[in-house]
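Scroll down for the structure; my scribbles are underneath it.
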Amino acid sequence: HLPRGERMGGKLNPEDIPFLLLFVVVVAVVVFMCDPKDRKKNRGKAGAISDRFRSLEEVQAELRRAGLESCNLIVAIDATKSNEWNGTKTFGGKPLHTFAPGGAVKAEPGLGLSNREVEAARRRAKAASGARSEEAAASGEAFPDGFPPSVLALNPYERVLGAVGRTLRAFDDDGVIPAFVFGDAETTDCSVRTLRSDGKDCVGLEGVLSAYRAEAPGWRLSGPTSYAPAIDRAVEIVRRSKGNFHVLIIVTDGQVTDEAVTQAALRRASKFPLAVVVCGVGDGPWDQLRSLDDRVAGRDFDNLQAVFWHEVEAKAAHPDAAFALAALMELPEQFKACCRLGLLGKH
């Protein structure tokens with residue numbers, strides 16, 4: 001007999017198998033127990049934890065348990081030209097800023113529904129209108145008038161703003177939400193302008209959605225895409241607040257044209273209590289944005305999270321809650337980092 005551990009003819013001694021299995025288990029445990037920051041990429045992709053949460057209220061409770069106490073919300077919406085075609089695969093071929101006939105969808109319908117409930121809404125709408133066949137409904141083809149009926153009338157921007165905004169408004173101290181547009185013919189990649197044409201901030205999530213629905217049809221979509229003007233404006237707001245913790249939600253259909261400019265803005269922002277959440281909607285591609293966080297060196301703390309609506313929607317049983325969790329799951333650690341660095345109340 002050969003001694004334990006030696007090989008004969010390329011075959012492992014059967015007596016060694018238990019020891020190898022034990023080694024594999026130990027390695028797996030060590031990997032699992034490593035610093036969660038080392039596994040950040042997996043956390044941002046709505047993995048196994050997504051379906052633990054069946055409602056946005058459960059996500060709120062999880063954020064409270066993790067230590068988030070208070071924050072103020074800032075919103076920036078992408079008005080670049082690519083919104084006209086980036087819904088080809090994910091929004092029935094329609095431009096991403098398309099709205100339901102008749103204007104606003106009241107009472108935020110559809111937020112928090114599961115995919116099964118959404119499919120039931122599809123069938124009810126089809127039965128009521130007689131406009132589609134069962135085969136078309138099952139295939140997910142575009143609706144005859146170009147608009148999803150009922151619940152599905154919300155476009156991706158509305159869905160994202162609703163999911164994230166509803167979760168965070170419970171933590172917002174004053175309900176006032178500065179909201180901006182970037183990437184249109186007026187701002188291009190150089191600046192932002194207020195979402196409301198009168199220059200005022202929005203009041204509550206409903207105010208943001210109402211202003212978006214009222215103003216977006218008149219936008220002159222342009223480009224290029226840069227997040228830097230929105231980040232810099234958010235820093236100004238944080239500075240004026242004398243260092244209150246803020247969350248900037250950037251809803252965008254595309255990747256940045258000049259990454260170095262956005263990286264520099266993120267480095268500047270890391271000296272302030274500001275978390276930046278980039279929410280991607282539409283067809284993508286998202287390769288650049290997915291790895292952007294790993295390429296921004298020299299920040300005081302990790303202030304960026306990126307998450308992609310249609311990837312979460314495709315995987316999660318309750319996509320609104322899952323998306324809110326994926327988008328906001330780093331806020332507790334970011335808040336703690338701001339406390340540890342003494343950024344709160346400093347500026």
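In the structure tokens, the first chain shown is A, the next is B, and so on; residue numbers restart at 1 for each chain, and ligands run from 1 in the order shown.
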Could I get the residues of stretch 194-227 of chain A with an atom no further than 7 Å from an atom of stretch 78-99 of chain A, each paired with its nearest atom pair and that distance in Å to one decimal, using only C-alpha atoms, sorted by chain and residue number, as a Markdown table?
| residue | atom | partner | partner_atom | distance |
| --- | --- | --- | --- | --- |
| A:Leu221 | CA | A:Lys81 | CA | 4.6 |
| A:Ser222 | CA | A:Lys81 | CA | 4.6 |
| A:Gly223 | CA | A:Thr80 | CA | 4.7 |
| A:Pro224 | CA | A:Thr80 | CA | 6.8 |
| A:Thr225 | CA | A:Thr80 | CA | 6.7 |
Using only C-alpha atoms, tabulate the residues of stretch 210-322 of chain A lying at most 10 Å from any atom of stretch 163-166 of chain A, each with its closest atom pair and that distance in Å to one decimal, by chain and increasing residue number, as a tab-separated table.
residue	atom	partner	partner_atom	distance
A:Ile249	CA	A:Val164	CA	8.3
A:Val277	CA	A:Val164	CA	9.9
A:Cys279	CA	A:Val164	CA	9.5
A:Pro319	CA	A:Ala163	CA	9.0
A:Asp320	CA	A:Ala163	CA	5.3
A:Ala321	CA	A:Ala163	CA	6.8
A:Ala322	CA	A:Ala163	CA	9.0
Tell me, which residues of stretch 160-303 of chain A carry DSSP strand (DSSP E), written as a PyMOL selection string? chain A and resi 176-177+179-182+193-194+202-203+246-252+274-280
Would you kindly return, as JSON, numbers by chain, each protein, DNA or RNA residue with an atom no farther than 12 Å from any atom of A:Gln288, considering only C-alpha atoms and excluding same-chain residues fewer than 2 positions away? {"A": [254, 255, 256, 257, 258, 259, 280, 284, 285, 286, 290, 291, 292, 293, 294, 295, 306]}
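Non-sequential neighbours of A:Leu274 (distance at most 8 Å, separation of 5 or more positions within a chain, only C-alpha atoms) are Ala234, Val235, Val238, Phe245, His246, Val247, Leu248, Ala269 and Asn303 of chain A.
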Counting only C-alpha atoms, which residues of stretch 190-277 of chain A fall within 8 Å of stretch 327-347 of chain A, and what is the closest atom pair for each with its distance in Å at one decimal, ordered by chain and rising number, as CSV?
residue,atom,partner,partner_atom,distance
A:Val238,CA,A:His347,CA,7.9
A:Arg239,CA,A:His347,CA,5.3
A:Arg240,CA,A:His347,CA,7.7
A:Ser241,CA,A:His347,CA,7.9
A:Lys242,CA,A:His347,CA,4.8
A:Gly243,CA,A:Gly345,CA,4.0
A:Asn244,CA,A:Leu344,CA,5.8
A:Phe245,CA,A:Leu344,CA,6.6
A:Lys271,CA,A:Leu343,CA,7.1
A:Phe272,CA,A:Leu343,CA,5.9
A:Pro273,CA,A:Cys338,CA,5.6
A:Ala275,CA,A:Gln334,CA,6.8
A:Val277,CA,A:Ala327,CA,6.5
Nearest to A:Glu311, chosen from A:Tyr212, A:Trp219, A:Phe323, A:Tyr227, with only C-alpha atoms counted in the distances: A:Phe323
Distance query A:Leu63 at most 10 Å, only C-alpha atoms, self and fewer than 3 positions along chain excluded, as a list in words: Glu57, Glu58, Val59, Gln60, Ala66, Gly67, Leu68, Glu69, Thr167, Leu168, Phe171, Leu325, Leu328, Met329, Glu330, Leu331 and Pro332 of chain A
Take the residues just selected and output them with C-alpha atoms as a PDB file, in the first residue's frame.
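File selection34.pdb, as written:
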ATOM      1  CA  GLU A  57     -42.197  48.556   4.932  1.00  0.00           C
ATOM      2  CA  GLU A  58     -40.028  45.526   5.698  1.00  0.00           C
ATOM      3  CA  VAL A  59     -37.103  47.230   3.956  1.00  0.00           C
ATOM      4  CA  GLN A  60     -37.650  50.317   6.122  1.00  0.00           C
ATOM      5  CA  ALA A  66     -29.141  48.468  10.817  1.00  0.00           C
ATOM      6  CA  GLY A  67     -28.860  51.892  12.454  1.00  0.00           C
ATOM      7  CA  LEU A  68     -30.134  54.450   9.922  1.00  0.00           C
ATOM      8  CA  GLU A  69     -31.960  57.171  11.838  1.00  0.00           C
ATOM      9  CA  THR A 167     -38.663  53.746   1.602  1.00  0.00           C
ATOM     10  CA  LEU A 168     -36.625  56.837   2.454  1.00  0.00           C
ATOM     11  CA  PHE A 171     -36.391  58.998   7.394  1.00  0.00           C
ATOM     12  CA  LEU A 325     -33.133  47.070  -0.509  1.00  0.00           C
ATOM     13  CA  LEU A 328     -30.202  51.413  -0.026  1.00  0.00           C
ATOM     14  CA  MET A 329     -28.496  48.496   1.676  1.00  0.00           C
ATOM     15  CA  GLU A 330     -25.209  50.393   2.137  1.00  0.00           C
ATOM     16  CA  LEU A 331     -26.748  53.467   3.754  1.00  0.00           C
ATOM     17  CA  PRO A 332     -26.332  52.271   7.358  1.00  0.00           C
TER      18      PRO A 332
END
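With only C-alpha atoms as the basis for measurement, A:Leu266 is the residue among A:Ala326, A:Leu266, A:Val181, A:Val307 that approaches A:Ala228 most closely.
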How many Å lie between atom CA of A:Ile177 and atom CA of A:Val208, rounded to one decimal? 7.5 Å
